[in-house]
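Next up, entry21.pdb (PDB, C-alpha atoms, pLDDT in the B column):
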MODEL        1
ATOM      1  CA  GLU A 223     -17.031  -1.664 -18.130  1.00 74.00           C
ATOM      2  CA  LEU A 224     -14.798  -4.132 -16.300  1.00 83.00           C
ATOM      3  CA  ASN A 225     -14.951  -7.654 -17.708  1.00 92.00           C
ATOM      4  CA  LEU A 226     -12.519  -9.987 -15.958  1.00 94.00           C
ATOM      5  CA  LEU A 227     -13.228 -12.824 -18.365  1.00 95.00           C
ATOM      6  CA  ASN A 228     -12.175 -10.681 -21.345  1.00 95.00           C
ATOM      7  CA  TYR A 229      -9.051  -9.428 -19.555  1.00 93.00           C
ATOM      8  CA  ILE A 230      -7.972 -12.969 -18.700  1.00 95.00           C
ATOM      9  CA  HIS A 231      -8.738 -14.142 -22.233  1.00 95.00           C
ATOM     10  CA  GLU A 232      -6.554 -11.350 -23.657  1.00 94.00           C
ATOM     11  CA  GLU A 233      -3.769 -12.259 -21.228  1.00 93.00           C
ATOM     12  CA  PHE A 234      -3.889 -15.910 -22.296  1.00 93.00           C
ATOM     13  CA  GLY A 235      -3.744 -14.910 -25.979  1.00 94.00           C
ATOM     14  CA  LEU A 236      -6.094 -17.702 -27.057  1.00 94.00           C
ATOM     15  CA  THR A 237      -8.148 -17.435 -30.231  1.00 93.00           C
ATOM     16  CA  ASP A 238     -11.443 -18.776 -28.844  1.00 95.00           C
ATOM     17  CA  ILE A 239     -12.901 -17.403 -25.599  1.00 95.00           C
ATOM     18  CA  ASN A 240     -14.477 -20.806 -24.976  1.00 96.00           C
ATOM     19  CA  GLN A 241     -10.942 -22.117 -24.422  1.00 96.00           C
ATOM     20  CA  THR A 242     -10.468 -19.552 -21.652  1.00 96.00           C
ATOM     21  CA  LYS A 243     -13.824 -20.481 -20.120  1.00 96.00           C
ATOM     22  CA  GLU A 244     -12.838 -24.149 -20.172  1.00 96.00           C
ATOM     23  CA  ILE A 245      -9.571 -23.420 -18.334  1.00 96.00           C
ATOM     24  CA  LEU A 246     -11.425 -21.343 -15.731  1.00 96.00           C
ATOM     25  CA  GLN A 247     -14.176 -23.927 -15.305  1.00 96.00           C
ATOM     26  CA  ARG A 248     -11.525 -26.556 -14.557  1.00 96.00           C
ATOM     27  CA  GLY A 249     -10.113 -24.338 -11.796  1.00 95.00           C
ATOM     28  CA  LYS A 250      -6.596 -24.123 -13.217  1.00 89.00           C
ATOM     29  CA  VAL A 251      -5.996 -20.410 -12.613  1.00 93.00           C
ATOM     30  CA  VAL A 252      -4.667 -18.210  -9.807  1.00 96.00           C
ATOM     31  CA  ILE A 253      -5.893 -14.613 -10.282  1.00 95.00           C
ATOM     32  CA  PHE A 254      -4.362 -11.671  -8.431  1.00 94.00           C
ATOM     33  CA  LEU A 255      -6.247  -8.353  -8.379  1.00 92.00           C
ATOM     34  CA  ASP A 256      -3.997  -5.766  -6.778  1.00 88.00           C
ATOM     35  CA  GLY A 257      -5.043  -2.518  -5.108  1.00 83.00           C
ATOM     36  CA  LEU A 258      -8.787  -2.541  -4.404  1.00 84.00           C
ATOM     37  CA  ASP A 259      -8.247   0.612  -2.323  1.00 78.00           C
ATOM     38  CA  GLU A 260      -6.946   2.460  -5.410  1.00 78.00           C
ATOM     39  CA  ILE A 261     -10.277   2.299  -7.279  1.00 80.00           C
ATOM     40  CA  SER A 262     -12.279   5.503  -7.495  1.00 75.00           C
ATOM     41  CA  SER A 263     -15.260   5.399  -5.109  1.00 73.00           C
ATOM     42  CA  GLN A 264     -17.745   6.006  -7.952  1.00 78.00           C
ATOM     43  CA  PHE A 265     -16.723   2.687  -9.571  1.00 84.00           C
ATOM     44  CA  ARG A 266     -15.815   0.664  -6.471  1.00 82.00           C
ATOM     45  CA  ARG A 267     -19.191  -0.903  -5.737  1.00 86.00           C
ATOM     46  CA  ASN A 268     -19.737  -2.008  -9.349  1.00 90.00           C
ATOM     47  CA  ILE A 269     -16.263  -3.512  -9.527  1.00 90.00           C
ATOM     48  CA  GLN A 270     -16.683  -5.291  -6.191  1.00 91.00           C
ATOM     49  CA  ASN A 271     -20.010  -6.736  -7.388  1.00 92.00           C
ATOM     50  CA  HIS A 272     -18.347  -7.874 -10.620  1.00 93.00           C
ATOM     51  CA  ILE A 273     -15.529  -9.576  -8.677  1.00 94.00           C
ATOM     52  CA  ILE A 274     -18.080 -11.344  -6.463  1.00 93.00           C
ATOM     53  CA  GLU A 275     -20.100 -12.536  -9.466  1.00 94.00           C
ATOM     54  CA  PHE A 276     -16.944 -13.713 -11.260  1.00 95.00           C
ATOM     55  CA  SER A 277     -15.737 -15.596  -8.152  1.00 94.00           C
ATOM     56  CA  ARG A 278     -19.077 -17.425  -7.946  1.00 94.00           C
ATOM     57  CA  ASN A 279     -19.116 -18.343 -11.633  1.00 94.00           C
ATOM     58  CA  TYR A 280     -15.548 -19.662 -11.547  1.00 96.00           C
ATOM     59  CA  TYR A 281     -15.351 -20.711  -7.908  1.00 94.00           C
ATOM     60  CA  LYS A 282     -12.823 -23.528  -8.476  1.00 95.00           C
ATOM     61  CA  ASN A 283     -10.010 -21.029  -9.109  1.00 96.00           C
ATOM     62  CA  HIS A 284      -7.964 -19.112  -6.549  1.00 95.00           C
ATOM     63  CA  LEU A 285      -8.874 -15.409  -6.566  1.00 95.00           C
ATOM     64  CA  ILE A 286      -6.719 -13.103  -4.453  1.00 95.00           C
ATOM     65  CA  VAL A 287      -7.650  -9.426  -4.002  1.00 92.00           C
ATOM     66  CA  THR A 288      -5.240  -7.070  -2.231  1.00 89.00           C
ATOM     67  CA  CYS A 289      -6.132  -3.918  -0.344  1.00 83.00           C
ATOM     68  CA  ARG A 290      -4.054  -1.624   1.824  1.00 73.00           C
ATOM     69  CA  THR A 291      -6.633  -1.375   4.604  1.00 66.00           C
ATOM     70  CA  GLN A 292      -9.268  -3.837   5.744  1.00 59.00           C
ATOM     71  CA  THR A 293     -12.310  -1.664   6.353  1.00 61.00           C
ATOM     72  CA  SER A 294     -16.016  -2.349   5.955  1.00 60.00           C
ATOM     73  CA  GLU A 295     -16.201  -0.642   2.552  1.00 68.00           C
ATOM     74  CA  TYR A 296     -13.886  -3.285   1.073  1.00 72.00           C
ATOM     75  CA  ILE A 297     -15.689  -6.345   2.465  1.00 76.00           C
ATOM     76  CA  LEU A 298     -16.310  -9.101  -0.093  1.00 85.00           C
ATOM     77  CA  PRO A 299     -18.696 -11.855   1.053  1.00 84.00           C
ATOM     78  CA  GLU A 300     -17.419 -15.451   0.896  1.00 87.00           C
ATOM     79  CA  PHE A 301     -13.776 -14.265   0.847  1.00 90.00           C
ATOM     80  CA  ASN A 302     -11.318 -15.173   3.619  1.00 90.00           C
ATOM     81  CA  TYR A 303      -9.306 -12.293   5.087  1.00 86.00           C
ATOM     82  CA  VAL A 304      -5.594 -12.473   5.851  1.00 86.00           C
ATOM     83  CA  GLU A 305      -2.951  -9.880   6.718  1.00 82.00           C
ATOM     84  CA  VAL A 306       0.563  -9.851   5.297  1.00 82.00           C
ATOM     85  CA  ALA A 307       3.056 -10.751   8.050  1.00 86.00           C
ATOM     86  CA  ASP A 308       6.370  -8.947   8.460  1.00 88.00           C
ATOM     87  CA  PHE A 309       9.104 -10.253   6.163  1.00 93.00           C
ATOM     88  CA  ASN A 310      12.007 -12.311   7.450  1.00 93.00           C
ATOM     89  CA  PRO A 311      15.551 -11.436   6.227  1.00 92.00           C
ATOM     90  CA  GLN A 312      15.419 -13.925   3.359  1.00 94.00           C
ATOM     91  CA  GLN A 313      12.076 -12.564   2.163  1.00 95.00           C
ATOM     92  CA  VAL A 314      13.451  -9.009   2.302  1.00 94.00           C
ATOM     93  CA  LYS A 315      16.268 -10.088  -0.047  1.00 94.00           C
ATOM     94  CA  GLN A 316      13.910 -11.875  -2.413  1.00 95.00           C
ATOM     95  CA  PHE A 317      11.530  -8.909  -2.510  1.00 95.00           C
ATOM     96  CA  ALA A 318      14.431  -6.564  -3.314  1.00 94.00           C
ATOM     97  CA  LYS A 319      15.643  -8.838  -6.139  1.00 94.00           C
ATOM     98  CA  ASN A 320      12.142  -8.928  -7.642  1.00 95.00           C
ATOM     99  CA  TRP A 321      11.660  -5.187  -7.173  1.00 93.00           C
ATOM    100  CA  PHE A 322      14.841  -4.198  -9.014  1.00 93.00           C
ATOM    101  CA  ALA A 323      14.246  -6.848 -11.687  1.00 93.00           C
ATOM    102  CA  ALA A 324      10.918  -5.177 -12.474  1.00 91.00           C
ATOM    103  CA  LEU A 325      12.590  -1.794 -13.059  1.00 84.00           C
ATOM    104  CA  ALA A 326      16.005  -2.569 -14.512  1.00 85.00           C
ATOM    105  CA  ASP A 327      16.659  -2.632 -18.259  1.00 86.00           C
ATOM    106  CA  THR A 328      18.661  -5.867 -18.106  1.00 90.00           C
ATOM    107  CA  GLN A 329      18.900  -8.880 -15.811  1.00 90.00           C
ATOM    108  CA  GLN A 330      22.546  -8.046 -15.112  1.00 92.00           C
ATOM    109  CA  GLN A 331      21.671  -4.514 -14.051  1.00 91.00           C
ATOM    110  CA  ALA A 332      18.883  -5.847 -11.796  1.00 91.00           C
ATOM    111  CA  MET A 333      21.236  -8.292 -10.080  1.00 92.00           C
ATOM    112  CA  GLU A 334      23.870  -5.611  -9.516  1.00 93.00           C
ATOM    113  CA  LEU A 335      21.359  -3.105  -8.110  1.00 92.00           C
ATOM    114  CA  ALA A 336      19.737  -5.676  -5.840  1.00 94.00           C
ATOM    115  CA  GLN A 337      23.076  -6.884  -4.492  1.00 94.00           C
ATOM    116  CA  LYS A 338      24.306  -3.351  -3.870  1.00 94.00           C
ATOM    117  CA  PHE A 339      21.045  -2.526  -2.091  1.00 94.00           C
ATOM    118  CA  ILE A 340      21.138  -5.659   0.099  1.00 94.00           C
ATOM    119  CA  THR A 341      24.798  -5.033   0.993  1.00 94.00           C
ATOM    120  CA  LYS A 342      23.984  -1.459   2.013  1.00 92.00           C
ATOM    121  CA  LEU A 343      20.940  -2.548   4.018  1.00 91.00           C
ATOM    122  CA  GLU A 344      23.012  -5.101   5.971  1.00 92.00           C
ATOM    123  CA  LEU A 345      25.642  -2.564   7.093  1.00 91.00           C
ATOM    124  CA  PRO A 346      25.605  -1.963  10.896  1.00 90.00           C
ATOM    125  CA  GLU A 347      24.936   1.746  10.425  1.00 87.00           C
ATOM    126  CA  ASN A 348      21.731   0.903   8.499  1.00 88.00           C
ATOM    127  CA  LYS A 349      20.388  -1.482  11.158  1.00 87.00           C
ATOM    128  CA  GLN A 350      17.419   0.734  11.997  1.00 84.00           C
ATOM    129  CA  THR A 351      16.560   1.186   8.322  1.00 86.00           C
ATOM    130  CA  ALA A 352      16.621  -2.606   7.930  1.00 88.00           C
ATOM    131  CA  GLU A 353      14.244  -2.895  10.891  1.00 86.00           C
ATOM    132  CA  LEU A 354      11.807  -0.641   9.049  1.00 82.00           C
ATOM    133  CA  ALA A 355      12.017  -2.675   5.861  1.00 86.00           C
ATOM    134  CA  VAL A 356      10.093  -5.710   7.103  1.00 88.00           C
ATOM    135  CA  THR A 357       6.745  -4.594   5.682  1.00 83.00           C
ATOM    136  CA  PRO A 358       6.115  -4.507   1.913  1.00 83.00           C
ATOM    137  CA  ILE A 359       5.186  -0.838   1.721  1.00 78.00           C
ATOM    138  CA  LEU A 360       8.170   0.389   3.748  1.00 82.00           C
ATOM    139  CA  LEU A 361      10.548  -1.948   1.932  1.00 90.00           C
ATOM    140  CA  SER A 362       9.182  -0.651  -1.386  1.00 87.00           C
ATOM    141  CA  LEU A 363       9.819   2.848  -0.100  1.00 85.00           C
ATOM    142  CA  VAL A 364      13.446   2.110   0.840  1.00 90.00           C
ATOM    143  CA  CYS A 365      14.014   0.408  -2.543  1.00 92.00           C
ATOM    144  CA  TRP A 366      12.537   3.421  -4.311  1.00 88.00           C
ATOM    145  CA  ILE A 367      14.765   5.868  -2.450  1.00 88.00           C
ATOM    146  CA  PHE A 368      17.824   3.713  -3.167  1.00 91.00           C
ATOM    147  CA  ASN A 369      16.889   3.519  -6.847  1.00 86.00           C
ATOM    148  CA  ASP A 370      16.675   7.323  -7.026  1.00 82.00           C
ATOM    149  CA  VAL A 371      20.097   8.041  -5.497  1.00 81.00           C
ATOM    150  CA  LEU A 372      21.835   4.610  -5.705  1.00 86.00           C
ATOM    151  CA  ASP A 373      22.542   4.826  -1.994  1.00 87.00           C
ATOM    152  CA  LEU A 374      20.803   4.883   1.363  1.00 87.00           C
ATOM    153  CA  PRO A 375      20.939   8.266   3.113  1.00 83.00           C
ATOM    154  CA  ALA A 376      23.524   8.298   5.895  1.00 76.00           C
ATOM    155  CA  LYS A 377      21.139  10.190   8.161  1.00 79.00           C
ATOM    156  CA  ARG A 378      17.864   8.475   9.018  1.00 77.00           C
ATOM    157  CA  SER A 379      16.166  11.861   9.052  1.00 81.00           C
ATOM    158  CA  ASP A 380      17.027  12.227   5.341  1.00 84.00           C
ATOM    159  CA  LEU A 381      15.593   8.774   4.647  1.00 82.00           C
ATOM    160  CA  TYR A 382      12.399   9.677   6.505  1.00 82.00           C
ATOM    161  CA  GLU A 383      12.085  13.003   4.713  1.00 84.00           C
ATOM    162  CA  ARG A 384      12.440  11.376   1.295  1.00 84.00           C
ATOM    163  CA  GLY A 385      10.031   8.667   2.372  1.00 81.00           C
ATOM    164  CA  MET A 386       7.467  11.203   3.565  1.00 83.00           C
ATOM    165  CA  ASP A 387       7.627  13.068   0.258  1.00 81.00           C
ATOM    166  CA  LEU A 388       7.121   9.805  -1.628  1.00 80.00           C
ATOM    167  CA  LEU A 389       4.218   8.599   0.505  1.00 79.00           C
ATOM    168  CA  LEU A 390       2.435  11.939   0.743  1.00 81.00           C
ATOM    169  CA  SER A 391       2.713  13.093  -2.853  1.00 75.00           C
ATOM    170  CA  LYS A 392       4.710  10.994  -5.319  1.00 68.00           C
ATOM    171  CA  TRP A 393       3.747   7.398  -4.483  1.00 67.00           C
ATOM    172  CA  ASP A 394       0.373   7.437  -6.256  1.00 67.00           C
ATOM    173  CA  LYS A 395       1.437  10.028  -8.841  1.00 68.00           C
ATOM    174  CA  ARG A 396       4.276   7.847 -10.119  1.00 65.00           C
ATOM    175  CA  ARG A 397       1.843   4.986 -10.668  1.00 66.00           C
ATOM    176  CA  GLY A 398      -0.861   7.154 -12.236  1.00 65.00           C
ATOM    177  CA  ILE A 399      -3.323   6.647  -9.368  1.00 64.00           C
ATOM    178  CA  LYS A 400      -5.712   9.387  -8.371  1.00 66.00           C
ATOM    179  CA  ARG A 401      -7.446   8.620  -5.086  1.00 64.00           C
ATOM    180  CA  ASP A 402     -10.785   9.937  -3.974  1.00 63.00           C
ATOM    181  CA  SER A 403     -10.685  11.652  -0.621  1.00 61.00           C
ATOM    182  CA  GLY A 404     -13.647  11.187   1.680  1.00 64.00           C
ATOM    183  CA  SER A 405     -12.583  14.308   3.531  1.00 73.00           C
ATOM    184  CA  GLU A 406     -12.803  17.713   1.876  1.00 81.00           C
ATOM    185  CA  ILE A 407     -10.695  19.045   4.755  1.00 88.00           C
ATOM    186  CA  TYR A 408      -7.849  16.630   4.075  1.00 85.00           C
ATOM    187  CA  ARG A 409      -8.050  17.075   0.301  1.00 82.00           C
ATOM    188  CA  GLN A 410      -7.441  20.817   0.679  1.00 87.00           C
ATOM    189  CA  LEU A 411      -4.281  20.411   2.764  1.00 87.00           C
ATOM    190  CA  THR A 412      -1.017  21.103   0.939  1.00 87.00           C
ATOM    191  CA  LEU A 413       1.971  18.762   1.200  1.00 85.00           C
ATOM    192  CA  LEU A 414       3.570  21.129   3.725  1.00 89.00           C
ATOM    193  CA  GLU A 415       0.364  21.284   5.804  1.00 92.00           C
ATOM    194  CA  LYS A 416       0.117  17.466   5.859  1.00 91.00           C
ATOM    195  CA  LYS A 417       3.721  17.289   7.061  1.00 91.00           C
ATOM    196  CA  GLN A 418       3.019  19.914   9.724  1.00 93.00           C
ATOM    197  CA  LEU A 419      -0.031  17.992  10.954  1.00 95.00           C
ATOM    198  CA  LEU A 420       1.969  14.760  11.238  1.00 93.00           C
ATOM    199  CA  SER A 421       4.848  16.622  12.901  1.00 93.00           C
ATOM    200  CA  TYR A 422       2.444  18.033  15.478  1.00 95.00           C
ATOM    201  CA  ILE A 423       1.109  14.541  16.270  1.00 93.00           C
ATOM    202  CA  ALA A 424       4.634  13.105  16.432  1.00 92.00           C
ATOM    203  CA  LYS A 425       5.924  15.833  18.754  1.00 94.00           C
ATOM    204  CA  ILE A 426       3.146  15.296  21.289  1.00 93.00           C
ATOM    205  CA  LYS A 427       3.533  11.522  21.156  1.00 90.00           C
ATOM    206  CA  PHE A 428       7.323  11.412  21.476  1.00 91.00           C
ATOM    207  CA  GLU A 429       7.102  13.498  24.646  1.00 92.00           C
ATOM    208  CA  GLN A 430       5.156  10.637  26.251  1.00 89.00           C
ATOM    209  CA  GLU A 431       6.674   7.583  27.927  1.00 87.00           C
ATOM    210  CA  GLN A 432       4.612   5.225  25.747  1.00 82.00           C
ATOM    211  CA  TYR A 433       5.123   6.736  22.309  1.00 81.00           C
ATOM    212  CA  ILE A 434       4.412   3.842  19.920  1.00 79.00           C
ATOM    213  CA  LEU A 435       0.666   3.214  20.125  1.00 84.00           C
ATOM    214  CA  PHE A 436      -2.311   5.570  20.211  1.00 85.00           C
ATOM    215  CA  GLU A 437      -5.856   5.056  21.285  1.00 89.00           C
ATOM    216  CA  GLN A 438      -8.015   6.153  18.355  1.00 91.00           C
ATOM    217  CA  SER A 439      -9.743   8.785  20.497  1.00 92.00           C
ATOM    218  CA  GLU A 440      -6.345  10.218  21.452  1.00 92.00           C
ATOM    219  CA  ILE A 441      -5.028  10.654  17.917  1.00 92.00           C
ATOM    220  CA  GLN A 442      -8.386  12.032  16.733  1.00 94.00           C
ATOM    221  CA  ARG A 443      -8.171  14.621  19.502  1.00 95.00           C
ATOM    222  CA  TYR A 444      -4.741  15.772  18.273  1.00 95.00           C
ATOM    223  CA  ILE A 445      -6.002  16.047  14.685  1.00 95.00           C
ATOM    224  CA  ALA A 446      -9.104  17.937  15.788  1.00 95.00           C
ATOM    225  CA  GLU A 447      -7.012  20.328  17.908  1.00 95.00           C
ATOM    226  CA  TYR A 448      -4.494  21.060  15.165  1.00 95.00           C
ATOM    227  CA  LEU A 449      -6.986  21.513  12.321  1.00 95.00           C
ATOM    228  CA  ASN A 450      -9.652  23.093  14.558  1.00 94.00           C
ATOM    229  CA  ILE A 451     -12.307  20.644  13.380  1.00 94.00           C
ATOM    230  CA  SER A 452     -14.879  18.365  15.025  1.00 94.00           C
ATOM    231  CA  ASN A 453     -13.998  14.937  16.365  1.00 92.00           C
ATOM    232  CA  GLU A 454     -16.184  13.369  13.629  1.00 92.00           C
ATOM    233  CA  ASP A 455     -14.246  15.204  10.900  1.00 92.00           C
ATOM    234  CA  ALA A 456     -10.984  14.226  12.605  1.00 93.00           C
ATOM    235  CA  GLU A 457     -11.926  10.538  12.334  1.00 91.00           C
ATOM    236  CA  VAL A 458     -12.435  10.910   8.568  1.00 89.00           C
ATOM    237  CA  VAL A 459      -9.040  12.638   8.257  1.00 91.00           C
ATOM    238  CA  LEU A 460      -7.416   9.822  10.262  1.00 90.00           C
ATOM    239  CA  ARG A 461      -8.908   7.201   7.924  1.00 85.00           C
ATOM    240  CA  GLU A 462      -7.649   9.161   4.910  1.00 84.00           C
ATOM    241  CA  ILE A 463      -4.081   9.187   6.264  1.00 84.00           C
ATOM    242  CA  GLU A 464      -4.288   5.443   6.912  1.00 81.00           C
ATOM    243  CA  ALA A 465      -5.791   4.514   3.548  1.00 75.00           C
ATOM    244  CA  GLN A 466      -3.783   6.857   1.318  1.00 75.00           C
ATOM    245  CA  HIS A 467      -0.321   6.773   2.872  1.00 76.00           C
ATOM    246  CA  GLY A 468      -0.055   3.904   5.370  1.00 71.00           C
ATOM    247  CA  LEU A 469       1.665   6.256   7.829  1.00 78.00           C
ATOM    248  CA  LEU A 470      -0.811   5.640  10.643  1.00 82.00           C
ATOM    249  CA  ILE A 471      -2.041   2.050  10.889  1.00 77.00           C
ATOM    250  CA  GLU A 472      -4.738   0.446  13.014  1.00 78.00           C
ATOM    251  CA  ARG A 473      -3.011  -2.353  14.945  1.00 74.00           C
ATOM    252  CA  ALA A 474      -5.939  -3.735  16.969  1.00 72.00           C
ATOM    253  CA  GLN A 475      -9.664  -3.301  17.400  1.00 69.00           C
TER     254      GLN A 475
ENDMDL
END
For the file at hand, write its structure as structure tokens.
Amino acid sequence: ELNLLNYIHEEFGLTDINQTKEILQRGKVVIFLDGLDEISSQFRRNIQNHIIEFSRNYYKNHLIVTCRTQTSEYILPEFNYVEVADFNPQQVKQFAKNWFAALADTQQQAMELAQKFITKLELPENKQTAELAVTPILLSLVCWIFNDVLDLPAKRSDLYERGMDLLLSKWDKRRGIKRDSGSEIYRQLTLLEKKQLLSYIAKIKFEQEQYILFEQSEIQRYIAEYLNISNEDAEVVLREIEAQHGLLIERAQ
């Protein structure tokens, strides 16, 4: 029963909905809808249709919809598609300040946490962690780990382990998101089994001279081998890992 007009009207706190309509009709609003990929599949098509209808009725406004993966099931006609570029050092700092401000009880606490985090991230021994933290999801992850222990793990393996636990199990749970899985096979895997699958893929890849990029057919073959499933089922599992965790990302068509 999504009604964007009502939501926006409530957010504005105006007494008469015609006032909200007037503001929208004049094109004075920027609307951000975050996390299209987090909507349950049974509601997704209706919500996408509602967004499209709303964008046509109030076309003078800026409407920005975010989604972790750009796949055909999230296509919205008449929308332009852009990808978020890697952050530069200044943007990393600003993101961290905003991130801790959203969680801290006071502005003073937020400033202290953000500064301590940035100082830690800039230490020479954390150079490789800083290199990871140029994308929003990985920077969020590093912030989250720091917020839990008020430090960055000295060993990168500890950072990765904490990060894996967050991405594979706690990331959505902490935000109250329950994702649909298009793969019954992947849904039935335990946290340990997911880690073992990814470890198997990583081991094979790191033994190769070119260990950064995969052909899709190659990584599907590893998944199929490990889980003893068909190549078609392996493709669905691959898409689940990409959409749910962001651990394997399509870099080029």
message = When the PyMOL selection byres ((chain A and resi 251-259) around 9) is applied to the structure above, which residues does it catch, written out as a list of chain:residue names?
response = A:Ile230, A:Ile245, A:Leu246, A:Arg248, A:Gly249, A:Lys250, A:Glu260, A:Ile261, A:Ser262, A:Ser263, A:Arg266, A:Gln270, A:Lys282, A:Asn283, A:His284, A:Leu285, A:Ile286, A:Val287, A:Thr288, A:Cys289, A:Arg290, A:Thr291, A:Tyr296, A:Arg401, A:Ala465, A:Gln466
Quiz prompt | Shell of 12 Å around A:Asn228, only C-alpha atoms, local chain residues under 4 positions omitted, as a list in words | solution =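 Residues meeting the cut-off are Glu223, Leu224, Glu232, Glu233, Phe234, Gly235, Leu236, Thr237, Asp238, Ile239, Asn240, Gln241, Thr242, Lys243 and Phe276 of chain A.
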Considering only C-alpha atoms, return as a PyMOL selection string whatever protein or nucleic-acid residues lie within 8 Å of A:Pro358, sequence-local ones (same chain, fewer than 3 positions apart) excluded. chain A and resi 308-309+355+361-362
note - atom CA of A:Leu372 and atom CA of A:Glu334 are separated by 11.1 Å
**OP:** Name all residues at most 12 Å from A:Tyr382 (count only C-alpha atoms; drop same-chain ones fewer than 3 positions away) and give them as a PyMOL selection string.
**Re:** chain A and resi 350-351+354+360+363-364+367+374-379+385-390+417+469
- [ ] Provide the atom CA of A:Val356 to atom CA of A:Asn310 distance in Å, to one decimal place.
- [x]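 That distance, rounded to one decimal, is 6.9 Å.
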Which residue, A:Ala326, A:Leu435, A:Asn271, A:Glu344, has the smallest gap to A:Ala474 when you use all atoms listed in the file?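 Among the listed residues, the smallest separation from A:Ala474 belongs to A:Leu435.
For the atom pair formed by atom CA of A:Gln442 and atom CA of A:Lys416, the distance is 14.8 Å, given to one decimal.
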Problem - Reference answer for the PyMOL selection byres ((chain A and resi 314-319) around 9), as a VMD selection string - result: chain A and resid 309 to 313 320 to 324 332 to 333 335 to 337 339 to 340 355 to 358 361 to 362 365
Can you spit out the residues from that selection as a PDB file, in the coordinates of the input, using C-alpha atoms?
ATOM      1  CA  PHE A 309       9.104 -10.253   6.163  1.00 93.00           C
ATOM      2  CA  ASN A 310      12.007 -12.311   7.450  1.00 93.00           C
ATOM      3  CA  PRO A 311      15.551 -11.436   6.227  1.00 92.00           C
ATOM      4  CA  GLN A 312      15.419 -13.925   3.359  1.00 94.00           C
ATOM      5  CA  GLN A 313      12.076 -12.564   2.163  1.00 95.00           C
ATOM      6  CA  ASN A 320      12.142  -8.928  -7.642  1.00 95.00           C
ATOM      7  CA  TRP A 321      11.660  -5.187  -7.173  1.00 93.00           C
ATOM      8  CA  PHE A 322      14.841  -4.198  -9.014  1.00 93.00           C
ATOM      9  CA  ALA A 323      14.246  -6.848 -11.687  1.00 93.00           C
ATOM     10  CA  ALA A 324      10.918  -5.177 -12.474  1.00 91.00           C
ATOM     11  CA  ALA A 332      18.883  -5.847 -11.796  1.00 91.00           C
ATOM     12  CA  MET A 333      21.236  -8.292 -10.080  1.00 92.00           C
ATOM     13  CA  LEU A 335      21.359  -3.105  -8.110  1.00 92.00           C
ATOM     14  CA  ALA A 336      19.737  -5.676  -5.840  1.00 94.00           C
ATOM     15  CA  GLN A 337      23.076  -6.884  -4.492  1.00 94.00           C
ATOM     16  CA  PHE A 339      21.045  -2.526  -2.091  1.00 94.00           C
ATOM     17  CA  ILE A 340      21.138  -5.659   0.099  1.00 94.00           C
ATOM     18  CA  ALA A 355      12.017  -2.675   5.861  1.00 86.00           C
ATOM     19  CA  VAL A 356      10.093  -5.710   7.103  1.00 88.00           C
ATOM     20  CA  THR A 357       6.745  -4.594   5.682  1.00 83.00           C
ATOM     21  CA  PRO A 358       6.115  -4.507   1.913  1.00 83.00           C
ATOM     22  CA  LEU A 361      10.548  -1.948   1.932  1.00 90.00           C
ATOM     23  CA  SER A 362       9.182  -0.651  -1.386  1.00 87.00           C
ATOM     24  CA  CYS A 365      14.014   0.408  -2.543  1.00 92.00           C
TER      25      CYS A 365
END
Nearest to A:Tyr281, restricted to all atoms listed in the file and choosing among A:Phe265, A:Tyr444, A:Ile426, A:Phe301, comes out as A:Phe301
For stretch 295-302 of chain A in the structure I just supplied, write out N, CA, C and O atoms - as a JSON list (two decimals), in the first residue's frame.
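Output below, filename result-v1.json:
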[["chain", "number", "residue", "atom", "x", "y", "z"],
["A", 295, "GLU", "N", 16.10, -6.75, -13.55],
["A", 295, "GLU", "CA", 14.89, -6.75, -12.73],
["A", 295, "GLU", "C", 14.67, -5.42, -12.01],
["A", 295, "GLU", "O", 13.60, -5.18, -11.47],
["A", 296, "TYR", "N", 15.70, -4.55, -12.01],
["A", 296, "TYR", "CA", 15.55, -3.26, -11.36],
["A", 296, "TYR", "C", 15.47, -2.10, -12.36],
["A", 296, "TYR", "O", 15.62, -0.94, -11.98],
["A", 297, "ILE", "N", 15.25, -2.41, -13.62],
["A", 297, "ILE", "CA", 15.21, -1.37, -14.65],
["A", 297, "ILE", "C", 13.95, -0.52, -14.50],
["A", 297, "ILE", "O", 12.84, -1.06, -14.37],
["A", 298, "LEU", "N", 14.12, 0.80, -14.49],
["A", 298, "LEU", "CA", 13.00, 1.73, -14.47],
["A", 298, "LEU", "C", 13.05, 2.58, -15.73],
["A", 298, "LEU", "O", 14.02, 3.31, -15.94],
["A", 299, "PRO", "N", 12.04, 2.48, -16.61],
["A", 299, "PRO", "CA", 12.07, 3.25, -17.84],
["A", 299, "PRO", "C", 12.11, 4.76, -17.56],
["A", 299, "PRO", "O", 11.55, 5.22, -16.57],
["A", 300, "GLU", "N", 12.78, 5.49, -18.45],
["A", 300, "GLU", "CA", 12.89, 6.95, -18.38],
["A", 300, "GLU", "C", 13.85, 7.43, -17.30],
["A", 300, "GLU", "O", 14.02, 8.63, -17.10],
["A", 301, "PHE", "N", 14.48, 6.51, -16.56],
["A", 301, "PHE", "CA", 15.48, 6.89, -15.57],
["A", 301, "PHE", "C", 16.87, 6.79, -16.19],
["A", 301, "PHE", "O", 17.13, 5.90, -17.01],
["A", 302, "ASN", "N", 17.77, 7.69, -15.81],
["A", 302, "ASN", "CA", 19.18, 7.59, -16.21],
["A", 302, "ASN", "C", 19.91, 6.74, -15.18],
["A", 302, "ASN", "O", 19.62, 6.81, -13.98]]
